[in-house]
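J.: Below is a structure I'd like to ask you about.
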Amino acid sequence: RRPRQANDHVAEMANSEELSTFATSLIEKLGEDAALDMAKELSEDLGSIPFIVGTADTCDPEYVQAVKASSLKWAISQAHQLFFLSMNELIDKHPVDSLDDEGAPFWSGTRRAPKPLRFIPLDSEEDEVSAQQVIINERLSQFVRSAARLRMEMFISPDNGELSLIEPEEALKALEDDAIEKYKKRKSKEILHNLSGGGEQDAVSLILDELNGAKTGASFMPHFNLADFEKDDESNGHVAFVTAASNLRALCYSIPPADAMETRRIAGRIVPAMI
């Protein structure tokens with residue numbers, strides 16, 4: 001979806017003299033919250049272009065390394081958002097000891113309180129690393145590795161062999177560097193914007209802040225590679241990504257993990273149902 005979305009809007013953004021018109025049209029089509037989400041995604045996808053484009057040869061080692069670094073950073077950001085920030089946000093909204101409208105414990109029955117997950121280096125000075133944390137680190141590394149690979153293939157065709165493959169050590173090193181950076185900055189909390197109830201003009205301003213970076217990348221008129229989910233090709237990394245993502249989600253809720261074979265079996269049922 002993301003590469004296709006960027007491809008659909010890149011020409012419109014590059015040729016648009018007034019981004020505010022584009023921003024307003026997004027709000028009219030999608031609503032404020034969804035429009036801001038799309039603007040952030042376009043900024044992530046197109047805003048990185050000026051930093052990794054500079055050679056037409058996608059086999060050039062410097063280009064590949066630049067794409068890899070950008071993709072690893074993006075994958076770590078996604079893991080932090082999906083498995084730490086969103087879980088914390090849910091707990092903030094419904095604390096562990098909170099009650100529902102009927103006075104019963106909110107987290108009871110089929111509801112399980114989620115556990116936010118974050119990477120902690122084994123030699124951390126900040127926290128003690130438990131056996132459970134070692135498992136969390138491993139699962140996060142698997143997610144970052146598989147997500148970054150798919151991200152790279154937006155820019156580098158998978159037909160180029162092993163250029164987009166990421167070694168486990170590379171994912172682990174990127175996570176350790178990111179954790180050290182967060183520790184040094186002492187970021188204990190990130191604030192998420194919530195546009196619900198805001199006026200349209202405020203929404204337009206926030207969306208424009210995101211689109212300004214995206215327009216710079218759009219000026220290169222890139223075309224991102226698309227990928228359709230294929231569960232039966234073990235070499236494409238698709239099932240590996242779904243397995244890594246679903247196992248992290250399961251870990252948040254103390255649900256047993258699934259292996260690649262089980263993921264492939266379940267995906268075989270879900271995809272036809274979606275179509």
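By convention here, the chains of the structure tokens are called A, B, ... in the order presented, each chain's residues are numbered starting at 1, and ligands are numbered starting at 1 in the order presented.
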If you count only C-alpha atoms, which residues fall within 9 Å of A:Met152, apart from same-chain ones fewer than 4 positions away, as a list in words?
T.: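 Contacts, in chain order: Val64, Val67, Lys68, Ser70, Ser71, Leu72, Ala147, Ala148, Ile156, Ser157, Pro158, Leu163, Ser164 and Leu165 of chain A.
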J.: Among stretch 72-171 of chain A, which ones does DSSP assign to helix (DSSP H, G or I) (computed from the backbone)? Answer as a ChimeraX atom specification.
T.: /A:72-93,131-155,158-160,168-171
J.: Might you pull out every residue within 10 Å of A:Glu44, with only C-alpha atoms counted and same-chain residues fewer than 6 positions away left off, and present them as a compact mmCIF listing (two decimals) with N, CA, C and O atoms, in the first residue's frame?
T.:
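Saved as part27.txt:
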# COMPACT_ATOMS: atom_id res chain seq x y z
N ARG A 2 1.88 1.32 0.83
CA ARG A 2 2.67 2.55 0.97
C ARG A 2 3.35 2.95 -0.35
O ARG A 2 3.24 4.11 -0.77
N ALA A 6 2.45 6.40 -2.53
CA ALA A 6 3.42 7.41 -2.92
C ALA A 6 3.44 7.59 -4.43
O ALA A 6 3.47 8.72 -4.95
N MET A 38 -1.81 9.97 6.35
CA MET A 38 -1.28 9.83 4.99
C MET A 38 -0.15 10.81 4.75
O MET A 38 0.88 10.46 4.14
N TRP A 74 13.97 3.50 9.64
CA TRP A 74 12.51 3.49 9.48
C TRP A 74 11.89 2.28 10.19
O TRP A 74 10.88 2.42 10.88
N GLU A 210 4.03 18.22 7.27
CA GLU A 210 4.49 16.91 6.80
C GLU A 210 4.75 16.92 5.29
O GLU A 210 5.73 16.36 4.82
N LEU A 211 3.86 17.57 4.55
CA LEU A 211 3.96 17.52 3.08
C LEU A 211 5.12 18.34 2.53
O LEU A 211 5.59 18.07 1.42
N GLY A 213 8.23 18.37 3.43
CA GLY A 213 9.36 17.49 3.22
C GLY A 213 9.10 16.50 2.10
O GLY A 213 10.00 16.16 1.33
N ALA A 214 7.85 16.04 1.99
CA ALA A 214 7.51 15.08 0.96
C ALA A 214 7.63 15.69 -0.44
O ALA A 214 8.03 15.02 -1.39
N GLY A 217 11.12 15.48 -1.96
CA GLY A 217 11.40 14.17 -2.53
C GLY A 217 10.63 13.91 -3.80
O GLY A 217 11.12 13.28 -4.74
J.: For A:Leu19, list every protein, DNA or RNA residue within 9 Å, evaluated using only C-alpha atoms, and leave out those in the same chain fewer than 2 positions away; present the list as a list in words.
T.: Met13, Ser16, Glu17, Thr21, Phe22, Ala23, Thr24, Leu208, Leu211, Asn212 and Lys215 of chain A
J.: Please provide the set of residues having any atom within 12 Å of A:Phe119, restricted to only C-alpha atoms, with same-chain residues fewer than 4 positions apart removed, written as a count of residues only.
T.: 39
J.: Just the number, please: distance in Å from atom CA of A:His223 to atom CA of A:Asn7, one decimal.
T.: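 Between atom CA of A:His223 and atom CA of A:Asn7 the gap works out to 5.9 Å.
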J.: Which distance in Å separates atom CA of A:Glu262 and atom CA of A:Glu234, to one decimal?
T.: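 A separation of 13.5 Å between them.
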